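Content type PDB, C-alpha atoms, from the file entry32.pdb:
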ATOM      1  CA  MET A   1       3.434 -53.341 -45.089
ATOM      2  CA  PRO A   2       5.212 -56.550 -44.110
ATOM      3  CA  PHE A   3       7.028 -56.663 -40.784
ATOM      4  CA  ILE A   4      10.553 -57.939 -40.524
ATOM      5  CA  LYS A   5      10.534 -61.104 -38.516
ATOM      6  CA  LEU A   6      13.479 -61.547 -36.233
ATOM      7  CA  THR A   7      14.572 -64.734 -34.640
ATOM      8  CA  ARG A   8      14.806 -64.881 -30.891
ATOM      9  CA  ILE A   9      18.605 -64.511 -31.028
ATOM     10  CA  GLU A  10      18.307 -61.499 -33.362
ATOM     11  CA  GLN A  11      15.736 -59.915 -31.030
ATOM     12  CA  LYS A  12      18.139 -60.249 -28.098
ATOM     13  CA  ARG A  13      20.960 -58.708 -30.134
ATOM     14  CA  PHE A  14      18.759 -55.790 -31.230
ATOM     15  CA  GLY A  15      17.659 -55.177 -27.641
ATOM     16  CA  ALA A  16      21.281 -55.145 -26.461
ATOM     17  CA  ILE A  17      22.218 -52.653 -29.205
ATOM     18  CA  LEU A  18      19.280 -50.407 -28.251
ATOM     19  CA  ILE A  19      20.226 -50.453 -24.576
ATOM     20  CA  CYS A  20      23.846 -49.625 -25.415
ATOM     21  CA  ALA A  21      22.715 -46.728 -27.597
ATOM     22  CA  LEU A  22      20.471 -45.339 -24.849
ATOM     23  CA  CYS A  23      23.287 -45.663 -22.309
ATOM     24  CA  ALA A  24      25.680 -43.879 -24.645
ATOM     25  CA  VAL A  25      23.219 -41.030 -25.206
ATOM     26  CA  GLY A  26      22.549 -40.810 -21.443
ATOM     27  CA  ALA A  27      26.264 -40.730 -20.658
ATOM     28  CA  TRP A  28      26.861 -38.040 -23.282
ATOM     29  CA  LEU A  29      23.936 -35.986 -21.959
ATOM     30  CA  PHE A  30      25.144 -36.355 -18.367
ATOM     31  CA  MET A  31      28.653 -35.199 -19.286
ATOM     32  CA  ALA A  32      27.277 -32.322 -21.363
ATOM     33  CA  LEU A  33      25.037 -31.085 -18.555
ATOM     34  CA  ASN A  34      27.922 -31.226 -16.075
ATOM     35  CA  LYS A  35      29.975 -28.825 -18.162
ATOM     36  CA  LYS A  36      30.052 -25.089 -17.470
ATOM     37  CA  TYR A  37      28.153 -22.761 -19.780
ATOM     38  CA  PRO A  38      27.791 -18.953 -19.778
ATOM     39  CA  TYR A  39      24.292 -17.477 -19.779
ATOM     40  CA  THR A  40      22.775 -14.046 -19.095
ATOM     41  CA  VAL A  41      20.190 -13.301 -16.402
ATOM     42  CA  GLN A  42      18.693 -10.042 -15.149
ATOM     43  CA  THR A  43      18.677  -9.354 -11.412
ATOM     44  CA  GLU A  44      17.760  -6.628  -8.944
ATOM     45  CA  LEU A  45      20.321  -4.513  -7.111
ATOM     46  CA  LEU A  46      20.294  -3.915  -3.364
ATOM     47  CA  TYR A  47      22.583  -1.324  -1.779
ATOM     48  CA  LYS A  48      24.609  -1.360   1.421
ATOM     49  CA  ASP A  49      27.284   0.897   2.994
ATOM     50  CA  GLU A  50      25.392   4.000   1.874
ATOM     51  CA  PRO A  51      27.368   7.244   2.348
ATOM     52  CA  GLN A  52      26.366   9.162   5.466
ATOM     53  CA  GLY A  53      25.010  12.684   5.140
ATOM     54  CA  LYS A  54      24.478  12.389   1.403
ATOM     55  CA  ALA A  55      21.372  11.789  -0.628
ATOM     56  CA  PHE A  56      21.972   9.891  -3.829
ATOM     57  CA  LYS A  57      19.931   9.005  -6.847
ATOM     58  CA  ALA A  58      20.908   6.255  -9.277
ATOM     59  CA  LEU A  59      21.061   7.477 -12.854
ATOM     60  CA  GLN A  60      20.078   4.056 -14.223
ATOM     61  CA  PRO A  61      17.504   1.373 -13.322
ATOM     62  CA  ASP A  62      18.163  -0.806 -10.260
ATOM     63  CA  THR A  63      18.526  -3.906 -12.434
ATOM     64  CA  VAL A  64      21.602  -5.242 -14.218
ATOM     65  CA  ASP A  65      22.409  -8.100 -16.606
ATOM     66  CA  LEU A  66      24.692 -10.752 -15.137
ATOM     67  CA  LYS A  67      26.790 -12.997 -17.313
ATOM     68  CA  VAL A  68      26.808 -16.126 -15.172
ATOM     69  CA  GLU A  69      28.782 -19.323 -15.575
ATOM     70  CA  GLY A  70      26.786 -22.357 -14.463
ATOM     71  CA  THR A  71      26.275 -26.011 -15.214
ATOM     72  CA  GLY A  72      24.038 -27.296 -17.953
ATOM     73  CA  TRP A  73      21.727 -28.629 -15.228
ATOM     74  CA  GLN A  74      21.195 -25.078 -13.991
ATOM     75  CA  LEU A  75      20.648 -23.884 -17.523
ATOM     76  CA  LEU A  76      18.073 -26.639 -18.043
ATOM     77  CA  PHE A  77      16.165 -26.597 -14.740
ATOM     78  CA  ALA A  78      16.846 -23.227 -13.115
ATOM     79  CA  ARG A  79      15.490 -21.419 -16.196
ATOM     80  CA  LEU A  80      18.322 -18.866 -16.065
ATOM     81  CA  ARG A  81      17.612 -17.862 -12.465
ATOM     82  CA  ILE A  82      20.227 -17.086  -9.881
ATOM     83  CA  LYS A  83      19.942 -17.717  -6.160
ATOM     84  CA  PRO A  84      19.383 -15.434  -4.341
ATOM     85  CA  PRO A  85      17.268 -13.457  -6.900
ATOM     86  CA  SER A  86      19.100 -10.199  -6.081
ATOM     87  CA  ILE A  87      22.654  -9.075  -5.390
ATOM     88  CA  THR A  88      23.902  -6.598  -2.806
ATOM     89  CA  VAL A  89      26.402  -3.973  -3.897
ATOM     90  CA  SER A  90      28.556  -1.838  -1.612
ATOM     91  CA  LEU A  91      28.321   1.926  -2.082
ATOM     92  CA  GLN A  92      31.341   2.676   0.100
ATOM     93  CA  LYS A  93      33.235   4.162  -2.858
ATOM     94  CA  LEU A  94      30.586   6.891  -3.181
ATOM     95  CA  ASN A  95      32.265   8.649  -0.240
ATOM     96  CA  SER A  96      35.030   9.720  -2.623
ATOM     97  CA  ARG A  97      33.450   9.564  -6.103
ATOM     98  CA  SER A  98      30.093   9.507  -7.889
ATOM     99  CA  TYR A  99      30.209   6.031  -9.432
ATOM    100  CA  VAL A 100      30.586   2.365  -8.472
ATOM    101  CA  VAL A 101      32.522  -0.176 -10.570
ATOM    102  CA  PHE A 102      31.255  -3.775 -10.352
ATOM    103  CA  SER A 103      34.500  -5.369 -11.483
ATOM    104  CA  GLU A 104      36.146  -3.984  -8.325
ATOM    105  CA  GLN A 105      33.826  -5.985  -6.082
ATOM    106  CA  LEU A 106      33.069  -8.987  -8.295
ATOM    107  CA  GLU A 107      34.591 -11.363  -5.733
ATOM    108  CA  GLN A 108      32.331 -10.251  -2.887
ATOM    109  CA  VAL A 109      29.300 -10.330  -5.202
ATOM    110  CA  ASN A 110      30.119 -13.925  -6.188
ATOM    111  CA  ARG A 111      30.200 -14.946  -2.521
ATOM    112  CA  GLN A 112      26.461 -14.192  -2.404
ATOM    113  CA  LEU A 113      25.592 -16.855  -5.008
ATOM    114  CA  GLU A 114      25.441 -20.624  -4.901
ATOM    115  CA  THR A 115      28.872 -22.198  -5.162
ATOM    116  CA  SER A 116      27.930 -23.784  -8.492
ATOM    117  CA  GLN A 117      27.279 -20.364 -10.038
ATOM    118  CA  LYS A 118      29.862 -17.726 -10.885
ATOM    119  CA  ILE A 119      29.378 -14.216 -12.251
ATOM    120  CA  ILE A 120      31.803 -13.546 -15.119
ATOM    121  CA  SER A 121      30.763  -9.958 -15.827
ATOM    122  CA  ILE A 122      28.022  -7.420 -15.108
ATOM    123  CA  LYS A 123      26.434  -5.080 -17.602
ATOM    124  CA  PRO A 124      26.629  -2.164 -17.116
ATOM    125  CA  ASP A 125      29.884  -2.501 -15.223
ATOM    126  CA  THR A 126      29.675   1.044 -13.830
ATOM    127  CA  LEU A 127      26.767   2.645 -11.951
ATOM    128  CA  TYR A 128      26.597   6.440 -11.813
ATOM    129  CA  PHE A 129      24.867   8.455  -9.090
ATOM    130  CA  ASP A 130      23.629  11.982  -8.676
ATOM    131  CA  PHE A 131      24.180  13.573  -5.257
ATOM    132  CA  SER A 132      22.349  16.274  -3.366
ATOM    133  CA  ARG A 133      22.264  17.400   0.233
ATOM    134  CA  ARG A 134      20.153  15.152   2.437
ATOM    135  CA  THR A 135      17.191  16.842   4.152
ATOM    136  CA  ASN A 136      14.520  15.664   6.568
ATOM    137  CA  LYS A 137      10.754  16.064   6.555
ATOM    138  CA  ARG A 138       7.856  14.928   8.718
ATOM    139  CA  VAL A 139       4.678  13.863   6.916
ATOM    140  CA  PRO A 140       1.360  12.567   8.282
ATOM    141  CA  LEU A 141       0.502   8.885   8.153
ATOM    142  CA  LYS A 142      -2.678   7.601   6.541
ATOM    143  CA  LEU A 143      -4.112   4.210   7.434
ATOM    144  CA  ILE A 144      -5.132   2.017   4.519
ATOM    145  CA  SER A 145      -7.803  -0.353   5.786
ATOM    146  CA  LYS A 146     -10.614  -2.659   4.767
ATOM    147  CA  LEU A 147     -12.811  -3.155   7.824
ATOM    148  CA  THR A 148     -16.145  -4.915   8.180
ATOM    149  CA  PHE A 149     -18.112  -5.000  11.414
ATOM    150  CA  ALA A 150     -20.565  -7.354  13.054
ATOM    151  CA  PRO A 151     -24.208  -6.169  12.860
ATOM    152  CA  GLN A 152     -24.853  -3.001  14.953
ATOM    153  CA  TYR A 153     -21.116  -2.455  15.570
ATOM    154  CA  GLY A 154     -18.929   0.315  14.202
ATOM    155  CA  ILE A 155     -16.160   2.834  14.896
ATOM    156  CA  ALA A 156     -17.068   4.758  18.053
ATOM    157  CA  LYS A 157     -14.302   7.417  17.910
ATOM    158  CA  GLU A 158     -11.516   8.575  15.649
ATOM    159  CA  ILE A 159      -8.913   5.932  14.746
ATOM    160  CA  LYS A 160      -5.620   6.720  16.503
ATOM    161  CA  LEU A 161      -2.190   6.114  14.944
ATOM    162  CA  THR A 162       0.914   6.126  17.152
ATOM    163  CA  PRO A 163       2.960   7.848  15.859
ATOM    164  CA  SER A 164       0.718   9.816  13.539
ATOM    165  CA  TYR A 165       3.702  11.050  11.499
ATOM    166  CA  VAL A 166       6.759   9.481   9.891
ATOM    167  CA  ASN A 167      10.169  11.042   9.400
ATOM    168  CA  ILE A 168      11.543  10.811   5.881
ATOM    169  CA  SER A 169      14.965  11.866   4.654
ATOM    170  CA  GLY A 170      16.393  12.213   1.177
ATOM    171  CA  PRO A 171      16.993  14.730  -1.622
ATOM    172  CA  HIS A 172      15.052  17.960  -1.255
ATOM    173  CA  GLU A 173      13.429  17.645  -4.694
ATOM    174  CA  GLU A 174      12.155  14.150  -3.855
ATOM    175  CA  LEU A 175      10.770  15.165  -0.446
ATOM    176  CA  GLU A 176       8.899  18.093  -1.995
ATOM    177  CA  LYS A 177       6.707  15.575  -3.858
ATOM    178  CA  ILE A 178       5.709  13.694  -0.687
ATOM    179  CA  HIS A 179       2.840  15.091   1.416
ATOM    180  CA  VAL A 180       1.478  11.930   3.062
ATOM    181  CA  TRP A 181       2.701   8.387   3.670
ATOM    182  CA  HIS A 182       0.515   5.285   3.768
ATOM    183  CA  THR A 183       0.526   2.136   5.848
ATOM    184  CA  ASP A 184       0.169  -1.375   4.566
ATOM    185  CA  SER A 185      -3.444  -2.472   4.230
ATOM    186  CA  LEU A 186      -5.150  -3.532   7.475
ATOM    187  CA  LYS A 187      -7.865  -6.092   6.718
ATOM    188  CA  LEU A 188     -10.255  -7.176   9.480
ATOM    189  CA  SER A 189     -13.745  -8.659   9.331
ATOM    190  CA  ASP A 190     -16.683  -9.257  11.698
ATOM    191  CA  ILE A 191     -15.263  -6.768  14.235
ATOM    192  CA  LYS A 192     -17.200  -6.478  17.500
ATOM    193  CA  SER A 193     -14.563  -5.163  19.936
ATOM    194  CA  SER A 194     -11.880  -2.465  19.944
ATOM    195  CA  VAL A 195      -8.706  -3.173  17.959
ATOM    196  CA  ASP A 196      -5.161  -2.526  19.196
ATOM    197  CA  THR A 197      -2.520  -3.712  16.737
ATOM    198  CA  ARG A 198       0.536  -2.731  14.725
ATOM    199  CA  VAL A 199       0.730  -2.234  10.968
ATOM    200  CA  ASN A 200       3.839  -1.945   8.813
ATOM    201  CA  ILE A 201       4.598   1.281   7.012
ATOM    202  CA  LEU A 202       4.295   0.954   3.236
ATOM    203  CA  LYS A 203       7.668   0.005   1.765
ATOM    204  CA  ASN A 204       9.630   2.748   0.091
ATOM    205  CA  ALA A 205       9.556   2.667  -3.698
ATOM    206  CA  ILE A 206      12.250   5.379  -3.923
ATOM    207  CA  SER A 207      15.675   3.899  -3.171
ATOM    208  CA  ASN A 208      17.269   7.134  -1.962
ATOM    209  CA  VAL A 209      14.521   8.086   0.514
ATOM    210  CA  SER A 210      14.499   6.499   3.962
ATOM    211  CA  ILE A 211      11.548   6.298   6.371
ATOM    212  CA  TYR A 212      11.377   5.955  10.143
ATOM    213  CA  PRO A 213       9.729   4.154  11.891
ATOM    214  CA  ASN A 214       8.834   1.068   9.857
ATOM    215  CA  SER A 215       5.627   0.231  11.753
ATOM    216  CA  VAL A 216       2.837   2.114  13.533
ATOM    217  CA  GLY A 217       0.425   1.361  16.375
ATOM    218  CA  VAL A 218      -3.266   1.389  15.417
ATOM    219  CA  LYS A 219      -6.139   1.752  17.891
ATOM    220  CA  ILE A 220      -9.685   1.438  16.560
ATOM    221  CA  PRO A 221     -12.382   2.144  19.188
ATOM    222  CA  VAL A 222     -15.319  -0.158  18.428
ATOM    223  CA  ASP A 223     -18.712  -0.101  20.126
ATOM    224  CA  GLU A 224     -22.245  -1.291  19.650
ATOM    225  CA  PHE A 225     -24.505   1.305  18.050
ATOM    226  CA  THR A 226     -28.149   2.085  18.664
ATOM    227  CA  GLU A 227     -30.662   4.711  17.567
ATOM    228  CA  LYS A 228     -31.676   7.686  19.687
ATOM    229  CA  THR A 229     -34.459  10.143  18.834
ATOM    230  CA  ILE A 230     -34.259  13.737  20.118
ATOM    231  CA  GLU A 231     -36.839  16.496  19.704
ATOM    232  CA  VAL A 232     -35.208  19.779  18.668
ATOM    233  CA  PRO A 233     -36.769  23.262  18.211
ATOM    234  CA  LEU A 234     -36.352  24.899  14.802
ATOM    235  CA  SER A 235     -34.523  28.180  14.300
ATOM    236  CA  ILE A 236     -34.962  30.494  11.285
ATOM    237  CA  LEU A 237     -32.166  31.591   8.943
ATOM    238  CA  ASN A 238     -32.166  34.735   6.746
ATOM    239  CA  ASN A 239     -35.098  36.396   8.530
ATOM    240  CA  LYS A 240     -34.222  40.115   8.420
ATOM    241  CA  GLU A 241     -37.424  41.529   6.929
ATOM    242  CA  TYR A 242     -40.073  39.537   8.732
ATOM    243  CA  HIS A 243     -40.614  39.643  12.470
ATOM    244  CA  ASP A 244     -43.349  37.089  12.816
ATOM    245  CA  VAL A 245     -42.764  33.711  11.143
ATOM    246  CA  LYS A 246     -44.790  30.798  12.396
ATOM    247  CA  LEU A 247     -43.639  27.248  11.737
ATOM    248  CA  TYR A 248     -45.799  24.139  11.767
ATOM    249  CA  PRO A 249     -44.499  22.189  13.597
ATOM    250  CA  LYS A 250     -42.064  24.227  15.696
ATOM    251  CA  LYS A 251     -39.985  21.162  16.592
ATOM    252  CA  VAL A 252     -38.687  18.162  14.649
ATOM    253  CA  LYS A 253     -37.636  14.690  15.768
ATOM    254  CA  ILE A 254     -34.046  13.832  14.830
ATOM    255  CA  THR A 255     -32.979  10.193  14.967
ATOM    256  CA  LEU A 256     -29.266   9.550  15.406
ATOM    257  CA  LEU A 257     -27.106   6.451  15.357
ATOM    258  CA  VAL A 258     -24.806   6.611  18.391
ATOM    259  CA  ALA A 259     -22.460   4.261  20.220
ATOM    260  CA  LEU A 260     -23.746   2.964  23.548
ATOM    261  CA  SER A 261     -20.817   4.647  25.315
ATOM    262  CA  ASN A 262     -21.964   8.017  23.916
ATOM    263  CA  TYR A 263     -25.703   7.467  24.336
ATOM    264  CA  THR A 264     -26.120   9.858  27.276
ATOM    265  CA  LYS A 265     -23.913  12.515  25.638
ATOM    266  CA  ALA A 266     -26.246  12.916  22.666
ATOM    267  CA  ASP A 267     -28.834  15.495  23.802
ATOM    268  CA  GLU A 268     -30.648  18.615  22.607
ATOM    269  CA  ASP A 269     -27.711  20.901  23.451
ATOM    270  CA  LEU A 270     -25.505  19.216  20.842
ATOM    271  CA  LEU A 271     -28.117  19.402  18.098
ATOM    272  CA  LYS A 272     -29.394  22.335  16.080
ATOM    273  CA  ALA A 273     -31.937  22.379  13.263
ATOM    274  CA  ALA A 274     -33.125  25.295  11.132
ATOM    275  CA  ILE A 275     -35.097  26.339   8.074
ATOM    276  CA  ASP A 276     -33.921  28.889   5.507
ATOM    277  CA  LEU A 277     -36.412  31.594   4.434
ATOM    278  CA  ASN A 278     -34.435  32.079   1.206
ATOM    279  CA  GLU A 279     -36.096  28.908  -0.024
ATOM    280  CA  TRP A 280     -39.350  30.911  -0.086
ATOM    281  CA  LYS A 281     -37.994  34.377  -0.972
ATOM    282  CA  ILE A 282     -35.681  33.284  -3.799
ATOM    283  CA  ARG A 283     -36.915  29.883  -4.925
ATOM    284  CA  GLY A 284     -40.615  30.298  -4.156
ATOM    285  CA  HIS A 285     -40.993  27.076  -2.161
ATOM    286  CA  HIS A 286     -44.285  26.590  -0.317
ATOM    287  CA  LYS A 287     -42.619  24.297   2.250
ATOM    288  CA  LEU A 288     -39.247  24.761   3.899
ATOM    289  CA  SER A 289     -36.758  21.911   4.246
ATOM    290  CA  VAL A 290     -35.162  21.234   7.609
ATOM    291  CA  LYS A 291     -31.383  21.562   7.738
ATOM    292  CA  ILE A 292     -29.122  20.237  10.503
ATOM    293  CA  THR A 293     -26.712  23.012  11.487
ATOM    294  CA  LYS A 294     -25.071  21.217  14.412
ATOM    295  CA  LEU A 295     -24.537  17.496  14.916
ATOM    296  CA  PRO A 296     -22.424  15.575  17.458
ATOM    297  CA  GLU A 297     -19.268  14.320  15.745
ATOM    298  CA  PHE A 298     -19.683  10.916  17.372
ATOM    299  CA  SER A 299     -23.084  10.320  15.749
ATOM    300  CA  LYS A 300     -24.622   9.648  12.342
ATOM    301  CA  LEU A 301     -27.871  11.152  11.132
ATOM    302  CA  VAL A 302     -30.595   8.592  10.440
ATOM    303  CA  SER A 303     -33.735  10.673   9.816
ATOM    304  CA  ILE A 304     -35.543  13.991  10.387
ATOM    305  CA  VAL A 305     -39.303  13.918  11.015
ATOM    306  CA  PRO A 306     -40.764  15.920   9.420
ATOM    307  CA  SER A 307     -38.112  16.820   6.852
ATOM    308  CA  ASN A 308     -40.223  19.728   5.527
ATOM    309  CA  VAL A 309     -42.424  22.168   7.496
ATOM    310  CA  ASP A 310     -45.251  24.558   6.707
ATOM    311  CA  PHE A 311     -44.941  28.256   7.531
ATOM    312  CA  ILE A 312     -46.943  31.468   7.794
ATOM    313  CA  ILE A 313     -45.347  34.912   7.512
ATOM    314  CA  GLU A 314     -46.987  37.991   8.988
ATOM    315  CA  LYS A 315     -45.589  41.330   7.875
TER     316      LYS A 315
END
Please express what this file holds, its structure, as structure tokens.
Amino acid sequence: MPFIKLTRIEQKRFGAILICALCAVGAWLFMALNKKYPYTVQTELLYKDEPQGKAFKALQPDTVDLKVEGTGWQLLFARLRIKPPSITVSLQKLNSRSYVVFSEQLEQVNRQLETSQKIISIKPDTLYFDFSRRTNKRVPLKLISKLTFAPQYGIAKEIKLTPSYVNISGPHEELEKIHVWHTDSLKLSDIKSSVDTRVNILKNAISNVSIYPNSVGVKIPVDEFTEKTIEVPLSILNNKEYHDVKLYPKKVKITLLVALSNYTKADEDLLKAAIDLNEWKIRGHHKLSVKITKLPEFSKLVSIVPSNVDFIIEK
């Protein structure tokens, strides 16, 4: 295909025409993007000025569609987002009625947005609420945690939460469903000393239920652990018919994992081991397994030696 050959003068003229065309398109685009255009965006509702002594429940989702007037630049680059990404609505009118009308407070809602954005209308324009008497309830707190310890370290005593309960208030039917409240997740690794910190209470997913306090103190007693072996005599369970039962051996060695701070507390008085004659009478076993019937709460069982014993019964 032959190319059109232009003289140097014609090339300069064509270049000038092309530049003028690009400038014209740029100017048109700039003017078009500076104009105001309406567009719709969905946003989350936040409430303020909640009525005192009343529990309310919104009868529609906590999101609304905003018809916003903004520049073409916002439409092009903001991807239909508003700033901030939520709007706060006053519920003061709920003191005298069961609904809130957006058009009545459109001016104060617009003050929350960037000056270059303006809300024209909100859909739905009216929010309806269901009311019930507000009640209070105290529920226990549960720590959500992911803890890893340095080798030979672990939790020496029960984890303590201060306070161990939270106070919640809201509609009676909502509070009836709540039996425990959780904290945010506490994540710690390579722990080798006691922990004393604060953790936030899990945020409320139910808009008409309030929680107090919003954080809790957490104390995790941490200690180094070691093994301790204790020799314990065996007792006999379910021995009503036989007066003379001989066990071989009569004692077993129980190895526990205990914190160093509790090492001296772990002794024979806090341990009990037994065998159950029903294993022979009912199940026909020729050896009886050793069962731990009492164990210190601050320890963990490692092993029982032997775990099964021989026996002789004399009628």
**Asked** Could you spell out the hits of the PyMOL selection byres ((chain A and resi 146-157) around 9) on the shown file, as number ranges by chain?
**Response** A: 144-145, 158-160, 185-194, 220-226, 258-262, 297-299
Notebook entry, point to check: What lies within 12 Å of Ile275 in chain A using all atoms listed in the file, ignoring chain neighbours under 4 positions off, as a VMD selection string?
Noted result: chain A and resid 233 to 239 245 to 252 279 to 280 285 287 to 293 306 to 311
Take the PyMOL selection byres ((chain A and resi 104-108) around 12), run it mentally on this structure, and tell me the resulting residues as a count of residues only. 27
Using only C-alpha atoms, the shortest atom-to-atom distance to Ile211 in chain A among A:Thr197, A:Gln117, A:Ser169, A:Thr43 belongs to A:Ser169
Correct to one decimal, the distance CA of Leu257 in chain A-CA of Ala273 in chain A is 16.8 Å
Within 10 Å of Val302 in chain A, counting only C-alpha atoms, which residues show up once you throw out same-chain ones fewer than 6 positions away? Write them as a PDB file with C-alpha atoms, in the frame of the given file, please.
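Listed below is the output, part01.pdb:
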ATOM      1  CA  GLU A 227     -30.662   4.711  17.567  1.00  0.00           C
ATOM      2  CA  LYS A 228     -31.676   7.686  19.687  1.00  0.00           C
ATOM      3  CA  THR A 229     -34.459  10.143  18.834  1.00  0.00           C
ATOM      4  CA  ILE A 254     -34.046  13.832  14.830  1.00  0.00           C
ATOM      5  CA  THR A 255     -32.979  10.193  14.967  1.00  0.00           C
ATOM      6  CA  LEU A 256     -29.266   9.550  15.406  1.00  0.00           C
ATOM      7  CA  LEU A 257     -27.106   6.451  15.357  1.00  0.00           C
TER       8      LEU A 257
END
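You can rank A:Ile201, A:Leu277, A:Val209, A:Leu143 by their closest distance to Gly170 in chain A using only C-alpha atoms, and at the top of that list sits A:Val209.
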*asked:* I'd like to know which of A:Tyr165, A:Leu271, A:Asp276, A:Gln52 is closest to Ser96 in chain A, using only C-alpha atoms.
replied: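 Ranking A:Tyr165, A:Leu271, A:Asp276, A:Gln52 by distance to Ser96 in chain A, first place goes to A:Gln52.
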> CA of Leu127 in chain A and CA of Ala58 in chain A, how far apart in Å?
Replying inline: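 Calculated distance between CA of Ala58 in chain A and CA of Leu127 in chain A is 7.4 Å.
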| request: State, in Å with one decimal place, the distance from CA of Thr40 in chain A to CA of Pro85 in chain A. | output: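 Straight-line distance from CA of Thr40 in chain A to CA of Pro85 in chain A works out to 13.4 Å.
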*List every protein, DNA or RNA residue that has an atom no more than 10 Å from (10.2, 3.9, 12.8) in the file's coordinate frame, counting only C-alpha atoms, and report them as a VMD selection string.*
chain A and resid 163 165 to 168 200 to 201 211 to 216
**Message:** When you look at Asp269 in chain A with a cut-off of 12 Å (counting only C-alpha atoms), what residues show up, excluding the ones that are within fewer than 6 positions of it in the same chain? I need them as a PyMOL selection string.
**Reply:** chain A and resi 230-233+294-296
Next on the checklist: I'd like the contact shell of Val64 in chain A - 8 Å cut-off, only C-alpha atoms, skipping same-chain residues fewer than 6 positions apart - returned as a ChimeraX atom specification.
Outcome noted: /A:42-45,122-124
Give me range 141-146 of chain A with all heavy atoms filled in, as an mmCIF file, in the frame of the given file.
data_model
loop_
_atom_site.group_PDB
_atom_site.id
_atom_site.type_symbol
_atom_site.label_atom_id
_atom_site.label_comp_id
_atom_site.auth_asym_id
_atom_site.auth_seq_id
_atom_site.Cartn_x
_atom_site.Cartn_y
_atom_site.Cartn_z
ATOM 1 N N LEU A 141 0.779 10.260 8.561
ATOM 2 C CA LEU A 141 0.502 8.885 8.153
ATOM 3 C C LEU A 141 -0.976 8.722 7.840
ATOM 4 O O LEU A 141 -1.829 9.319 8.501
ATOM 5 C CB LEU A 141 0.868 7.917 9.276
ATOM 6 C CG LEU A 141 2.230 7.240 9.235
ATOM 7 C CD1 LEU A 141 2.432 6.434 10.495
ATOM 8 C CD2 LEU A 141 2.360 6.354 8.005
ATOM 9 N N LYS A 142 -1.289 7.910 6.861
ATOM 10 C CA LYS A 142 -2.678 7.601 6.541
ATOM 11 C C LYS A 142 -2.869 6.091 6.549
ATOM 12 O O LYS A 142 -2.139 5.358 5.884
ATOM 13 C CB LYS A 142 -3.068 8.168 5.174
ATOM 14 C CG LYS A 142 -4.532 7.948 4.841
ATOM 15 C CD LYS A 142 -4.904 8.585 3.510
ATOM 16 C CE LYS A 142 -6.378 8.375 3.198
ATOM 17 N NZ LYS A 142 -6.762 8.983 1.895
ATOM 18 N N LEU A 143 -3.842 5.641 7.332
ATOM 19 C CA LEU A 143 -4.112 4.210 7.434
ATOM 20 C C LEU A 143 -4.899 3.735 6.218
ATOM 21 O O LEU A 143 -5.930 4.309 5.870
ATOM 22 C CB LEU A 143 -4.908 3.913 8.713
ATOM 23 C CG LEU A 143 -5.342 2.458 8.914
ATOM 24 C CD1 LEU A 143 -4.131 1.561 9.139
ATOM 25 C CD2 LEU A 143 -6.313 2.338 10.078
ATOM 26 N N ILE A 144 -4.403 2.685 5.591
ATOM 27 C CA ILE A 144 -5.132 2.017 4.519
ATOM 28 C C ILE A 144 -5.793 0.781 5.136
ATOM 29 O O ILE A 144 -5.104 -0.080 5.693
ATOM 30 C CB ILE A 144 -4.197 1.597 3.373
ATOM 31 C CG1 ILE A 144 -3.459 2.816 2.815
ATOM 32 C CG2 ILE A 144 -4.980 0.900 2.276
ATOM 33 C CD1 ILE A 144 -4.364 3.890 2.262
ATOM 34 N N SER A 145 -7.108 0.735 5.092
ATOM 35 C CA SER A 145 -7.803 -0.353 5.786
ATOM 36 C C SER A 145 -9.014 -0.832 5.011
ATOM 37 O O SER A 145 -9.593 -0.096 4.199
ATOM 38 C CB SER A 145 -8.245 0.102 7.179
ATOM 39 O OG SER A 145 -9.162 1.175 7.086
ATOM 40 N N LYS A 146 -9.375 -2.064 5.270
ATOM 41 C CA LYS A 146 -10.614 -2.659 4.767
ATOM 42 C C LYS A 146 -11.258 -3.355 5.954
ATOM 43 O O LYS A 146 -10.876 -4.474 6.318
ATOM 44 C CB LYS A 146 -10.321 -3.623 3.621
ATOM 45 C CG LYS A 146 -11.579 -4.166 2.972
ATOM 46 C CD LYS A 146 -11.255 -5.077 1.790
ATOM 47 C CE LYS A 146 -12.526 -5.575 1.124
ATOM 48 N NZ LYS A 146 -12.215 -6.485 -0.029
#
